[in-house]
Structure formats: structure tokens, C-alpha cells
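Asker: You'll find input.tsv just under this line, and it carries TSV, C-alpha atoms.
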chain	number	residue	atom	x	y	z
A	1	MET	CA	0.00	0.00	0.00
A	2	LYS	CA	2.81	2.40	0.89
A	3	LYS	CA	4.52	1.74	-2.43
A	4	LYS	CA	1.30	2.57	-4.28
A	5	ILE	CA	0.99	5.84	-2.36
A	6	ILE	CA	4.58	6.75	-3.24
A	7	ILE	CA	4.04	6.02	-6.94
A	8	ILE	CA	0.82	8.05	-7.01
A	9	LEU	CA	2.44	11.06	-5.33
A	10	LEU	CA	5.45	10.98	-7.63
A	11	MET	CA	3.31	10.69	-10.76
A	12	THR	CA	1.06	13.50	-9.58
A	13	LEU	CA	4.02	15.81	-9.07
A	14	ILE	CA	5.51	14.98	-12.48
A	15	CYS	CA	2.19	15.35	-14.31
A	16	VAL	CA	1.44	18.69	-12.71
A	17	SER	CA	4.84	20.04	-13.66
A	18	LEU	CA	4.71	18.77	-17.23
A	19	SER	CA	1.18	20.03	-17.80
A	20	ALA	CA	2.20	23.54	-16.77
A	21	GLU	CA	2.80	26.13	-19.45
A	22	ILE	CA	6.60	26.19	-19.49
A	23	PHE	CA	8.02	28.78	-21.89
A	24	GLY	CA	11.32	30.63	-21.96
A	25	LYS	CA	10.26	34.30	-22.16
A	26	ALA	CA	12.34	36.67	-20.07
A	27	GLY	CA	10.48	39.53	-18.46
A	28	THR	CA	7.04	37.90	-18.60
A	29	ALA	CA	6.73	36.87	-14.94
A	30	SER	CA	6.18	39.10	-11.93
A	31	MET	CA	7.36	38.78	-8.33
A	32	GLN	CA	10.90	37.86	-9.32
A	33	PHE	CA	11.99	37.80	-5.68
A	34	LEU	CA	10.44	34.31	-5.46
A	35	LYS	CA	13.46	33.04	-7.43
A	36	LEU	CA	15.93	34.47	-4.94
A	37	GLY	CA	17.42	31.53	-3.06
A	38	ILE	CA	17.92	31.45	0.70
A	39	ASP	CA	20.33	29.72	3.10
A	40	ALA	CA	24.06	30.28	2.65
A	41	ARG	CA	24.58	26.50	2.67
A	42	ALA	CA	22.39	26.09	-0.40
A	43	ILE	CA	23.88	29.09	-2.20
A	44	GLY	CA	27.41	27.93	-1.51
A	45	MET	CA	26.52	24.68	-3.30
A	46	GLY	CA	25.40	26.58	-6.39
A	47	GLU	CA	21.70	26.22	-5.45
A	48	ALA	CA	21.86	22.53	-6.41
A	49	TYR	CA	19.84	21.88	-3.29
A	50	THR	CA	16.44	20.34	-4.07
A	51	ALA	CA	17.70	16.84	-3.20
A	52	VAL	CA	20.10	17.97	-0.45
A	53	THR	CA	17.72	19.96	1.73
A	54	ASP	CA	16.83	18.22	4.98
A	55	ASP	CA	16.15	20.95	7.53
A	56	VAL	CA	14.13	24.10	8.21
A	57	SER	CA	15.28	25.89	5.03
A	58	SER	CA	13.35	23.24	3.09
A	59	VAL	CA	10.29	25.49	3.39
A	60	PHE	CA	11.82	27.34	0.43
A	61	TRP	CA	13.64	24.65	-1.57
A	62	ASN	CA	11.55	21.50	-1.15
A	63	PRO	CA	8.83	21.20	1.52
A	64	ALA	CA	9.47	17.46	1.86
A	65	GLY	CA	12.82	18.20	3.50
A	66	ILE	CA	11.51	19.33	6.88
A	67	ALA	CA	10.41	15.74	7.56
A	68	TRP	CA	14.02	14.66	8.18
A	69	LYS	CA	14.78	16.72	11.30
A	70	TYR	CA	13.36	15.58	14.62
A	71	GLU	CA	14.20	18.72	16.57
A	72	THR	CA	12.65	22.18	16.44
A	73	GLN	CA	14.66	24.52	14.23
A	74	VAL	CA	14.79	28.29	13.74
A	75	PHE	CA	16.36	29.83	10.65
A	76	ILE	CA	17.43	33.42	9.85
A	77	SER	CA	18.96	34.49	6.54
A	78	HIS	CA	20.13	37.85	5.16
A	79	THR	CA	21.20	38.57	1.59
A	80	ASN	CA	23.03	41.62	0.27
A	81	TRP	CA	21.79	41.40	-3.31
A	82	VAL	CA	22.94	43.44	-6.31
A	83	ALA	CA	22.04	47.12	-6.87
A	84	GLU	CA	21.82	47.79	-3.13
A	85	THR	CA	18.80	45.54	-2.57
A	86	TYR	CA	18.28	43.20	0.37
A	87	HIS	CA	16.47	39.97	1.13
A	88	ASP	CA	15.59	38.72	4.62
A	89	PHE	CA	14.08	35.34	5.44
A	90	VAL	CA	13.00	33.76	8.74
A	91	ALA	CA	11.52	30.29	9.29
A	92	VAL	CA	10.71	27.75	11.97
A	93	SER	CA	9.92	24.03	11.77
A	94	THR	CA	8.96	21.39	14.31
A	95	GLU	CA	7.77	17.79	14.64
A	96	THR	CA	4.29	16.95	15.97
A	97	ASN	CA	2.19	13.82	16.37
A	98	TYR	CA	0.57	14.65	13.03
A	99	GLY	CA	3.68	15.26	10.98
A	100	TYR	CA	6.13	18.10	10.46
A	101	PHE	CA	5.10	21.74	10.25
A	102	GLY	CA	6.95	24.86	9.18
A	103	ALA	CA	6.25	28.57	8.82
A	104	PHE	CA	8.23	31.36	7.15
A	105	ALA	CA	8.29	35.03	6.21
A	106	SER	CA	10.27	36.51	3.32
A	107	VAL	CA	10.91	40.21	2.65
A	108	PHE	CA	12.76	41.69	-0.34
A	109	HIS	CA	13.27	45.44	0.00
A	110	THR	CA	15.23	48.46	-1.20
A	111	PRO	CA	16.40	51.71	0.38
A	112	PRO	CA	14.24	54.77	-0.34
A	113	MET	CA	14.34	55.62	-4.05
A	114	ASP	CA	13.88	59.03	-5.65
A	115	GLU	CA	10.54	59.63	-7.31
A	116	THR	CA	10.77	61.08	-10.81
A	117	SER	CA	8.19	62.89	-12.91
A	118	VAL	CA	7.46	62.63	-16.61
A	119	ASP	CA	6.60	66.33	-16.65
A	120	LYS	CA	9.84	67.47	-15.02
A	121	PHE	CA	12.04	64.67	-16.37
A	122	GLY	CA	13.78	64.55	-13.03
A	123	PRO	CA	13.43	64.01	-9.27
A	124	THR	CA	10.40	65.46	-7.53
A	125	GLY	CA	12.04	65.61	-4.11
A	126	ARG	CA	9.90	62.74	-2.83
A	127	THR	CA	10.96	59.13	-2.27
A	128	PHE	CA	9.21	55.76	-2.41
A	129	HIS	CA	9.85	52.16	-1.40
A	130	PHE	CA	9.74	48.88	-3.32
A	131	THR	CA	8.86	45.85	-1.18
A	132	ASN	CA	8.06	42.20	-1.83
A	133	MET	CA	6.76	39.86	0.88
A	134	ALA	CA	5.77	36.21	1.15
A	135	TYR	CA	4.32	34.35	4.13
A	136	GLY	CA	3.80	30.61	4.14
A	137	LEU	CA	2.94	27.42	6.00
A	138	THR	CA	4.47	24.02	5.24
A	139	TYR	CA	3.38	20.48	6.06
A	140	ALA	CA	5.41	17.33	5.37
A	141	ASN	CA	5.56	13.72	6.46
A	142	ARG	CA	7.54	10.56	5.88
A	143	PHE	CA	5.62	7.68	4.31
A	144	THR	CA	8.55	5.26	4.64
A	145	ASP	CA	12.04	5.45	6.10
A	146	ARG	CA	13.24	6.60	2.65
A	147	PHE	CA	10.43	8.73	1.20
A	148	SER	CA	8.88	12.03	2.26
A	149	PHE	CA	6.36	14.39	0.70
A	150	GLY	CA	5.47	17.98	1.55
A	151	VAL	CA	3.32	20.93	0.52
A	152	THR	CA	3.49	24.67	1.16
A	153	GLY	CA	0.84	27.36	0.84
A	154	LYS	CA	1.93	30.99	0.72
A	155	PHE	CA	0.54	34.50	0.46
A	156	LEU	CA	2.38	36.94	-1.85
A	157	TYR	CA	2.47	40.73	-1.75
A	158	GLU	CA	4.26	43.44	-3.72
A	159	GLN	CA	4.17	47.21	-3.29
A	160	ILE	CA	5.70	50.00	-5.38
A	161	ALA	CA	4.96	53.41	-3.84
A	162	GLU	CA	1.17	53.49	-3.31
A	163	HIS	CA	0.41	50.67	-5.77
A	164	SER	CA	0.29	47.02	-4.75
A	165	MET	CA	-0.67	43.53	-5.87
A	166	HIS	CA	-1.17	40.28	-4.03
A	167	GLY	CA	-1.70	36.61	-4.76
A	168	PHE	CA	-1.13	33.12	-3.48
A	169	ALA	CA	0.83	30.05	-4.55
A	170	PHE	CA	1.65	26.47	-3.60
A	171	ASP	CA	4.82	24.38	-3.53
A	172	VAL	CA	4.91	20.58	-3.56
A	173	GLY	CA	7.94	18.37	-3.25
A	174	SER	CA	9.29	14.90	-2.56
A	175	LEU	CA	12.53	13.25	-1.44
A	176	TYR	CA	13.52	9.62	-1.99
A	177	ASN	CA	16.69	8.04	-0.61
A	178	THR	CA	17.74	5.02	-2.67
A	179	GLY	CA	19.77	3.49	0.16
A	180	PHE	CA	22.91	3.23	-2.02
A	181	ARG	CA	25.73	5.62	-1.09
A	182	ASN	CA	23.08	7.89	0.38
A	183	ILE	CA	21.94	8.83	-3.14
A	184	THR	CA	18.76	10.91	-2.85
A	185	VAL	CA	16.44	12.15	-5.60
A	186	GLY	CA	14.42	15.30	-4.97
A	187	MET	CA	11.65	16.95	-6.95
A	188	ALA	CA	9.89	20.24	-6.27
A	189	LEU	CA	7.27	22.33	-8.03
A	190	ARG	CA	7.40	25.87	-6.64
A	191	ASN	CA	5.20	28.93	-7.10
A	192	PHE	CA	2.21	27.17	-8.64
A	193	GLY	CA	-0.62	29.70	-8.58
A	194	PRO	CA	-2.80	32.17	-10.50
A	195	ASP	CA	-1.60	35.28	-12.31
A	196	VAL	CA	-1.30	38.54	-10.38
A	197	GLY	CA	-1.73	42.21	-11.31
A	198	TYR	CA	-1.58	45.65	-9.75
A	199	ASP	CA	-4.68	47.08	-8.13
A	200	LEU	CA	-5.14	50.26	-10.19
A	201	ASP	CA	-8.29	52.27	-9.51
A	202	GLU	CA	-10.03	54.60	-11.93
A	203	ASN	CA	-8.43	57.63	-10.30
A	204	PHE	CA	-4.87	56.50	-11.04
A	205	HIS	CA	-4.73	58.79	-14.11
A	206	PRO	CA	-7.95	60.83	-13.91
A	207	ASP	CA	-7.17	62.65	-17.17
A	208	ASP	CA	-6.76	59.43	-19.19
A	209	PRO	CA	-10.15	58.24	-20.55
A	210	LEU	CA	-8.56	55.03	-21.89
A	211	GLU	CA	-6.90	53.99	-18.64
A	212	ASP	CA	-9.27	51.10	-17.96
A	213	ARG	CA	-8.68	49.75	-21.47
A	214	ASP	CA	-4.90	50.23	-21.21
A	215	ASN	CA	-4.77	48.33	-17.94
A	216	SER	CA	-7.06	45.48	-18.98
A	217	GLY	CA	-5.35	42.11	-19.24
A	218	SER	CA	-2.28	43.36	-17.37
A	219	ASP	CA	-1.98	40.33	-15.09
A	220	PHE	CA	1.27	38.38	-15.17
A	221	PRO	CA	2.25	34.86	-14.12
A	222	ILE	CA	4.40	34.24	-11.09
A	223	PRO	CA	7.74	32.45	-11.69
A	224	MET	CA	6.61	28.84	-11.43
A	225	ALA	CA	9.59	26.47	-11.36
A	226	PHE	CA	10.16	22.72	-11.48
A	227	SER	CA	13.40	21.35	-10.05
A	228	LEU	CA	14.78	17.83	-10.31
A	229	GLY	CA	17.91	17.09	-8.29
A	230	ILE	CA	20.15	14.27	-7.16
A	231	VAL	CA	22.81	14.09	-4.46
A	232	GLY	CA	25.09	11.34	-3.21
A	233	ASP	CA	28.14	10.61	-1.09
A	234	VAL	CA	31.57	10.64	-2.67
A	235	PHE	CA	32.80	9.33	0.68
A	236	ARG	CA	31.58	9.43	4.29
A	237	ASN	CA	32.94	8.38	7.67
A	238	GLU	CA	32.51	9.38	11.31
A	239	THR	CA	34.39	12.68	11.12
A	240	ASP	CA	34.05	13.92	7.53
A	241	TYR	CA	32.23	13.49	4.25
A	242	LEU	CA	32.11	14.82	0.71
A	243	ILE	CA	28.81	15.05	-1.17
A	244	PHE	CA	28.11	16.08	-4.76
A	245	SER	CA	24.78	17.30	-6.13
A	246	ALA	CA	23.33	18.21	-9.53
A	247	GLN	CA	20.03	19.80	-10.43
A	248	LEU	CA	17.91	20.76	-13.46
A	249	ASP	CA	15.62	23.79	-13.17
A	250	ASN	CA	12.78	24.71	-15.51
A	251	VAL	CA	11.24	28.15	-14.87
A	252	VAL	CA	8.43	29.77	-16.86
A	253	ASP	CA	10.38	32.86	-17.88
A	254	ARG	CA	13.82	31.53	-18.76
A	255	LYS	CA	15.52	28.63	-20.47
A	256	GLU	CA	16.43	25.48	-18.60
A	257	THR	CA	19.40	25.84	-16.28
A	258	TRP	CA	21.70	23.42	-14.50
A	259	ASN	CA	23.25	23.70	-11.06
A	260	VAL	CA	26.07	21.62	-9.59
A	261	GLY	CA	27.56	21.77	-6.11
A	262	ALA	CA	29.67	20.05	-3.49
A	263	GLU	CA	30.07	20.18	0.27
A	264	TYR	CA	32.99	18.91	2.34
A	265	LYS	CA	32.60	18.44	6.10
A	266	LEU	CA	35.51	18.02	8.50
A	267	TYR	CA	34.35	17.70	12.09
A	268	ASN	CA	32.31	20.92	12.60
A	269	LEU	CA	33.72	22.85	9.63
A	270	PHE	CA	32.02	22.96	6.20
A	271	LEU	CA	33.47	24.05	2.85
A	272	ARG	CA	31.26	24.46	-0.23
A	273	CYS	CA	31.44	25.34	-3.91
A	274	GLY	CA	29.01	25.36	-6.80
A	275	TYR	CA	28.29	26.57	-10.32
A	276	GLN	CA	25.12	27.70	-12.08
A	277	ILE	CA	25.03	26.85	-15.79
A	278	GLY	CA	22.93	28.77	-18.31
A	279	PHE	CA	22.50	32.02	-16.40
A	280	ASP	CA	23.30	35.43	-17.87
A	281	ALA	CA	24.98	36.75	-14.72
A	282	ALA	CA	25.24	34.26	-11.84
A	283	SER	CA	28.08	31.75	-12.19
A	284	TYR	CA	30.25	30.24	-9.45
A	285	SER	CA	29.66	30.39	-5.72
A	286	LEU	CA	31.79	29.67	-2.68
A	287	GLY	CA	30.85	29.23	0.94
A	288	PHE	CA	31.82	27.96	4.36
A	289	GLY	CA	30.13	27.24	7.65
A	290	VAL	CA	30.71	26.16	11.21
A	291	ARG	CA	28.61	24.15	13.65
A	292	VAL	CA	28.73	25.21	17.30
A	293	PRO	CA	27.05	22.88	19.82
A	294	THR	CA	25.97	24.56	23.06
A	295	ARG	CA	23.76	23.63	26.00
A	296	MET	CA	20.99	25.87	24.68
A	297	ALA	CA	21.05	24.77	21.02
A	298	ILE	CA	23.19	23.66	18.10
A	299	PHE	CA	24.14	26.71	16.02
A	300	ASN	CA	25.04	26.51	12.32
A	301	VAL	CA	26.52	29.73	10.96
A	302	ASP	CA	27.03	29.85	7.17
A	303	TYR	CA	28.29	32.34	4.60
A	304	ALA	CA	28.20	32.25	0.80
A	305	TYR	CA	29.39	34.46	-2.06
A	306	THR	CA	27.99	34.37	-5.60
A	307	GLU	CA	29.76	35.91	-8.57
A	308	MET	CA	27.25	37.98	-10.57
A	309	GLY	CA	29.31	38.91	-13.63
A	310	ARG	CA	28.21	42.22	-15.13
A	311	LEU	CA	25.91	42.83	-12.16
A	312	GLY	CA	28.75	42.77	-9.65
A	313	GLY	CA	31.59	40.77	-8.19
A	314	LEU	CA	35.24	39.97	-8.74
A	315	SER	CA	34.88	40.20	-12.53
A	316	ASN	CA	34.14	43.91	-12.03
A	317	GLY	CA	37.03	44.32	-9.64
A	318	ASP	CA	34.74	44.81	-6.64
A	319	ILE	CA	33.94	41.73	-4.58
A	320	LEU	CA	31.57	43.73	-2.38
A	321	SER	CA	29.24	44.32	-5.35
A	322	GLY	CA	28.59	40.57	-5.68
A	323	ALA	CA	25.86	38.68	-3.83
A	324	HIS	CA	26.63	37.88	-0.18
A	325	ARG	CA	24.51	35.70	2.12
A	326	LEU	CA	24.73	35.03	5.82
A	327	SER	CA	22.46	32.56	7.58
A	328	LEU	CA	21.96	31.10	11.03
A	329	LYS	CA	20.21	27.86	12.00
A	330	MET	CA	19.39	26.91	15.57
A	331	SER	CA	18.38	23.36	16.48
A	332	PHE	CA	16.75	22.84	19.88
Taking this structure as input, can you express it in the form of C-alpha cells?
Answerer:
Amino acid sequence: MKKKIIIILLMTLICVSLSAEIFGKAGTASMQFLKLGIDARAIGMGEAYTAVTDDVSSVFWNPAGIAWKYETQVFISHTNWVAETYHDFVAVSTETNYGYFGAFASVFHTPPMDETSVDKFGPTGRTFHFTNMAYGLTYANRFTDRFSFGVTGKFLYEQIAEHSMHGFAFDVGSLYNTGFRNITVGMALRNFGPDVGYDLDENFHPDDPLEDRDNSGSDFPIPMAFSLGIVGDVFRNETDYLIFSAQLDNVVDRKETWNVGAEYKLYNLFLRCGYQIGFDAASYSLGFGVRVPTRMAIFNVDYAYTEMGRLGGLSNGDILSGAHRLSLKMSF
């Protein structure tokens, strides 16, 4: 019976992803912050993380992953993104008698920006903010000692000055450990939901009689993505290990991309590297982390750097202009 359930869940996930309208058209999807990865561990491995994830950060990568940690976990992540933008993410997960539950909040924001006017062709002296937010709940469970499945529901919000839009989306995912060299296959369908559009009232441009017609049909899809990943041990013993992962991503507004990554652990020290293939800007990433056990909790502190090519990084002679992530996990 359990095997039948596993097969049905896997087939459902594959069919949903294949039946989606996948097309490579840049600039056609809104709420781009939903693509922005979290967790310095994952970023250090080149975001090849759908099959690796097994803790609280799974609420973003693959909801099935939270079913592999027995303790309560708290996660905090901060990203210095390009063009002086920032991304903050907090999450919590815990085990109950009914399965594993998680909750998270994500905020992508900018410093105040100067408002400009078409009439003056310059700054008006006023400023405005651009903010994206997502709030979600995750549920996952293990159906066998090798297979888990999870689902996430999330509320989405975007605001530019006084104009805003909102929507909702779902993520579904699965993890299956083959039992050979710890090889695990992970699948995740993220950001599956209806199109969204700005709430523009009839007084937005009171002097434009065609405003309603101009704004009709202005809804846009959110960046739905399907990820298929695999990870396995190169070697593993009591004190250290080396794992390698690879992943294929298919997103509605870009061509297929590949991610590869590796993580080496020596006692409580972690070293990571990865590469993203098929991106215009992002390329290699490097990271490290340390695990600090204490009486209160086990702390994992991680850092990752991503080279962003023309958008910033070492290729421009300024490492500070690249993407930097710092994250903290606490296991109780």
C-alpha cells in the first residue's frame, strides 16, 4: 500500500509540472523575488539543493525536506543582493504527532528611491519604497524510512509606492533516498498559482479616458519552477564526508538551467562550492560554515558568495558588489 501511495504522489508531481505552461520568455513573470534563493549553505553549493535539503530551510527549496529533522529549528537568513537591494528570510519548523510543520516570512526590500516625474524629467524631491513579501505554512511527512512528501501554501504581496498587488501560490515536493551511497532524488514544483496584477483604480490617471482599457489584461504569471535534483556521497565516515549534487531547473520565464555543487565536512567545519550553468549573470559560488554545539542549542553559521558577472563581483574588480549571504540555524 505504501509503495502505491509513493508512486501516485510521484506521478502527480511529475504530471502537474509537465502540464504547466513552461516557456522561456524573459520579463514575462512578476514577483521575481520568489526566485531568490535562501540559506548560505544552499547558495554555496550553487543552489543545487532540491535533493540535499533536509532541515528548516526546506520550506523554500523543497517542503518534503523538513520531515528529516526531529528537533525544532529556527532559521534566519540575510542577503546583500545586487544594486543595493536586500532579502531577509526567517523560518521555523517542528515535529508533531501529526507530521512536520513549518512557517516562514520573506521580505525583499530596497532603500528609499527618488521619485521622478514625466513632466519634469527629473526628481520630484519625494521618495518611495519597493517591497516584496511572502508568508507561508508548510506540512510534510515521511511515508517510509526513505520517502517524504510535503506541501506549502503561501501569500504573496508586492508594493511600489502606493500601488500594490497580491496573490497566493503552492509548492509541492518529494525526497527519496535510494539506500545506495546515500543517493537521494528530490523533486519540487514551486510557485504554482494564478496570475497577479496591480490594483489600479479609476483615479490613477484621472485625465486618461482610456486607462481602464490600457490596464485590462495586465496580469502576469508568477515564476513557477520545477526542479529535479540528485545528491550522493563521494565518501563518508565518522568525522568527515564529501557530497556532490546536480540539479535541473525549468522556470516559466527563462531557459532550462543546471546547477552543480559540493560540500565537504571536517568535524564541525564545512566548505562548499558550486556553479550555475545557463545564467546570464550568476556563475560560481563559494561558501563555508561552522557548527557550534551549546547547551541551549546547536548553532550553524554559514556564509556564501555568488559571482554575478556584469551585475557585480570579482569580474568587475569589486567583490563587495557581488551577492553575499549570511544565515543562522538553531536546532533545539
Asker: A:Gly313, A:Ile298, A:Thr131, A:Arg41: which is nearest Ala262 (chain A), counting only C-alpha atoms?
Answerer: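 Using only C-alpha atoms, Ala262 (chain A) sits closest to A:Arg41.
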Asker: So which residues are close to (2.2, 36.5, -2.9), meaning at most 12 Å away in the file's coordinates with only C-alpha atoms counted, and can you show them as a PyMOL selection string?
Answerer: chain A and resi 30-34+105-107+131-136+153-159+164-170+191-197+221-223
Asker: Find the residues around Leu314 (chain A) up to 12 Å (all atoms listed in the file counted), leave out those fewer than 5 positions away in its own chain, and share them as a PyMOL selection string.
Answerer: chain A and resi 282-285+305-309+319-323
Asker: Between A:Glu71, A:Glu256, A:Asp280, A:Asp318, which has the minimum distance to Asp54 (chain A) (counting all atoms listed in the file)?
Answerer: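 Closest to Asp54 (chain A) of all the choices is A:Glu71.
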Asker: Counting all atoms listed in the file, which of A:Phe108, A:Tyr49, A:Phe149, A:Tyr98 gets nearest to Trp81 (chain A)?
Answerer: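 Smallest distance to Trp81 (chain A) is found for A:Phe108.
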Asker: Identify which of the residues A:Ser227, A:Asn177, A:Ser218, A:Thr116 lies closest to Asn259 (chain A), counting only C-alpha atoms when measuring atom-to-atom distances.
Answerer: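 Nearest to Asn259 (chain A): A:Ser227.
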Asker: Work out how far CA of Phe130 (chain A) is from CA of Gly37 (chain A), in Å to one decimal.
Answerer: 19.0 Å
Asker: Identify which of the residues A:Asp145, A:Asp249, A:Asp199, A:Asp240 lies closest to Tyr264 (chain A), counting only C-alpha atoms when measuring atom-to-atom distances.
Answerer: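 Distance minimum relative to Tyr264 (chain A) lands on A:Asp240.
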Asker: Just the residues within 8 Å of Ala48 (chain A), please, counting all atoms listed in the file, with nothing from its chain fewer than 6 positions along; format it as a list in words.
Answerer: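 The residues that qualify are Ala42, Gly229, Ser245, Ala246, Gln247, Asn259, Val260, Gly261 and Gly274 of chain A.
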Asker: Show me, as lines of an AutoDock Vina configuration file, the centre and edge lengths in Å to one decimal of the axis-aligned box that covers every listed atom of region 223-234 of chain A with 5 Å on each side.
Answerer:
center_x = 19.1
center_y = 21.5
center_z = -6.4
size_x = 35.0
size_y = 31.8
size_z = 20.6
Asker: What is the distance, in Å and to one decimal place, between CA of Asp88 (chain A) and CA of Ile76 (chain A)?
Answerer: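 So the two atoms, CA of Asp88 (chain A) and CA of Ile76 (chain A), lie 7.7 Å apart.
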Asker: Quick one, how far is CA of Ser93 (chain A) from CA of Val74 (chain A)?
Answerer: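 Distance between the two atoms: 6.8 Å.
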Asker: As JSON, numbers by chain, please: the residues near Thr184 (chain A) (cut-off 12 Å, only C-alpha atoms, same-chain neighbours under 2 positions excluded).
Answerer: {"A": [49, 50, 51, 52, 53, 54, 65, 146, 147, 148, 174, 175, 176, 177, 178, 179, 180, 181, 182, 186, 187, 228, 229, 230, 231, 232, 233, 243, 244, 245, 246, 247]}
Asker: Would you put the residues from that selection into a file with C-alpha atoms, as an mmCIF file, in the frame of the given file?
Answerer:
data_model
loop_
_atom_site.group_PDB
_atom_site.id
_atom_site.type_symbol
_atom_site.label_atom_id
_atom_site.label_comp_id
_atom_site.auth_asym_id
_atom_site.auth_seq_id
_atom_site.Cartn_x
_atom_site.Cartn_y
_atom_site.Cartn_z
ATOM 1 C CA TYR A 49 19.840 21.880 -3.290
ATOM 2 C CA THR A 50 16.440 20.340 -4.070
ATOM 3 C CA ALA A 51 17.700 16.840 -3.200
ATOM 4 C CA VAL A 52 20.100 17.970 -0.450
ATOM 5 C CA THR A 53 17.720 19.960 1.730
ATOM 6 C CA ASP A 54 16.830 18.220 4.980
ATOM 7 C CA GLY A 65 12.820 18.200 3.500
ATOM 8 C CA ARG A 146 13.240 6.600 2.650
ATOM 9 C CA PHE A 147 10.430 8.730 1.200
ATOM 10 C CA SER A 148 8.880 12.030 2.260
ATOM 11 C CA SER A 174 9.290 14.900 -2.560
ATOM 12 C CA LEU A 175 12.530 13.250 -1.440
ATOM 13 C CA TYR A 176 13.520 9.620 -1.990
ATOM 14 C CA ASN A 177 16.690 8.040 -0.610
ATOM 15 C CA THR A 178 17.740 5.020 -2.670
ATOM 16 C CA GLY A 179 19.770 3.490 0.160
ATOM 17 C CA PHE A 180 22.910 3.230 -2.020
ATOM 18 C CA ARG A 181 25.730 5.620 -1.090
ATOM 19 C CA ASN A 182 23.080 7.890 0.380
ATOM 20 C CA GLY A 186 14.420 15.300 -4.970
ATOM 21 C CA MET A 187 11.650 16.950 -6.950
ATOM 22 C CA LEU A 228 14.780 17.830 -10.310
ATOM 23 C CA GLY A 229 17.910 17.090 -8.290
ATOM 24 C CA ILE A 230 20.150 14.270 -7.160
ATOM 25 C CA VAL A 231 22.810 14.090 -4.460
ATOM 26 C CA GLY A 232 25.090 11.340 -3.210
ATOM 27 C CA ASP A 233 28.140 10.610 -1.090
ATOM 28 C CA ILE A 243 28.810 15.050 -1.170
ATOM 29 C CA PHE A 244 28.110 16.080 -4.760
ATOM 30 C CA SER A 245 24.780 17.300 -6.130
ATOM 31 C CA ALA A 246 23.330 18.210 -9.530
ATOM 32 C CA GLN A 247 20.030 19.800 -10.430
#
Asker: Find the spatial neighbours of Phe101 (chain A), counting only C-alpha atoms, within a cut-off of 8 Å - ignore same-chain residues fewer than 3 positions away - and output them as a PyMOL selection string.
Answerer: chain A and resi 66+93-96+137-140
Asker: For Asp171 (chain A), which residue out of A:Leu248, A:Leu271, A:Val56, A:Val151 is the nearest one, using only C-alpha atoms?
Answerer: A:Val151
Asker: Kindly provide, as a list in words, the polymer residues lying within 12 Å of (9.4, 65.2, -1.8), counting all atoms listed in the file and using the coordinates exactly as they appear in the file.
Answerer: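 Residues with an atom at most 12 Å from (9.4, 65.2, -1.8): Pro112, Met113, Asp114, Glu115, Thr116, Ser117, Pro123, Thr124, Gly125, Arg126, Thr127 and Phe128 of chain A.
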Asker: Name all residues at most 8 Å from region 301-303 of chain A (count only C-alpha atoms; drop same-chain ones fewer than 2 positions away) and give them as a list in words.
Answerer: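 The filter keeps Asp39, Ala40, Arg41, Gly44, Gly287, Phe288, Gly289, Val290, Arg291, Phe299, Tyr305, His324, Arg325, Leu326, Ser327, Leu328 and Lys329 of chain A.
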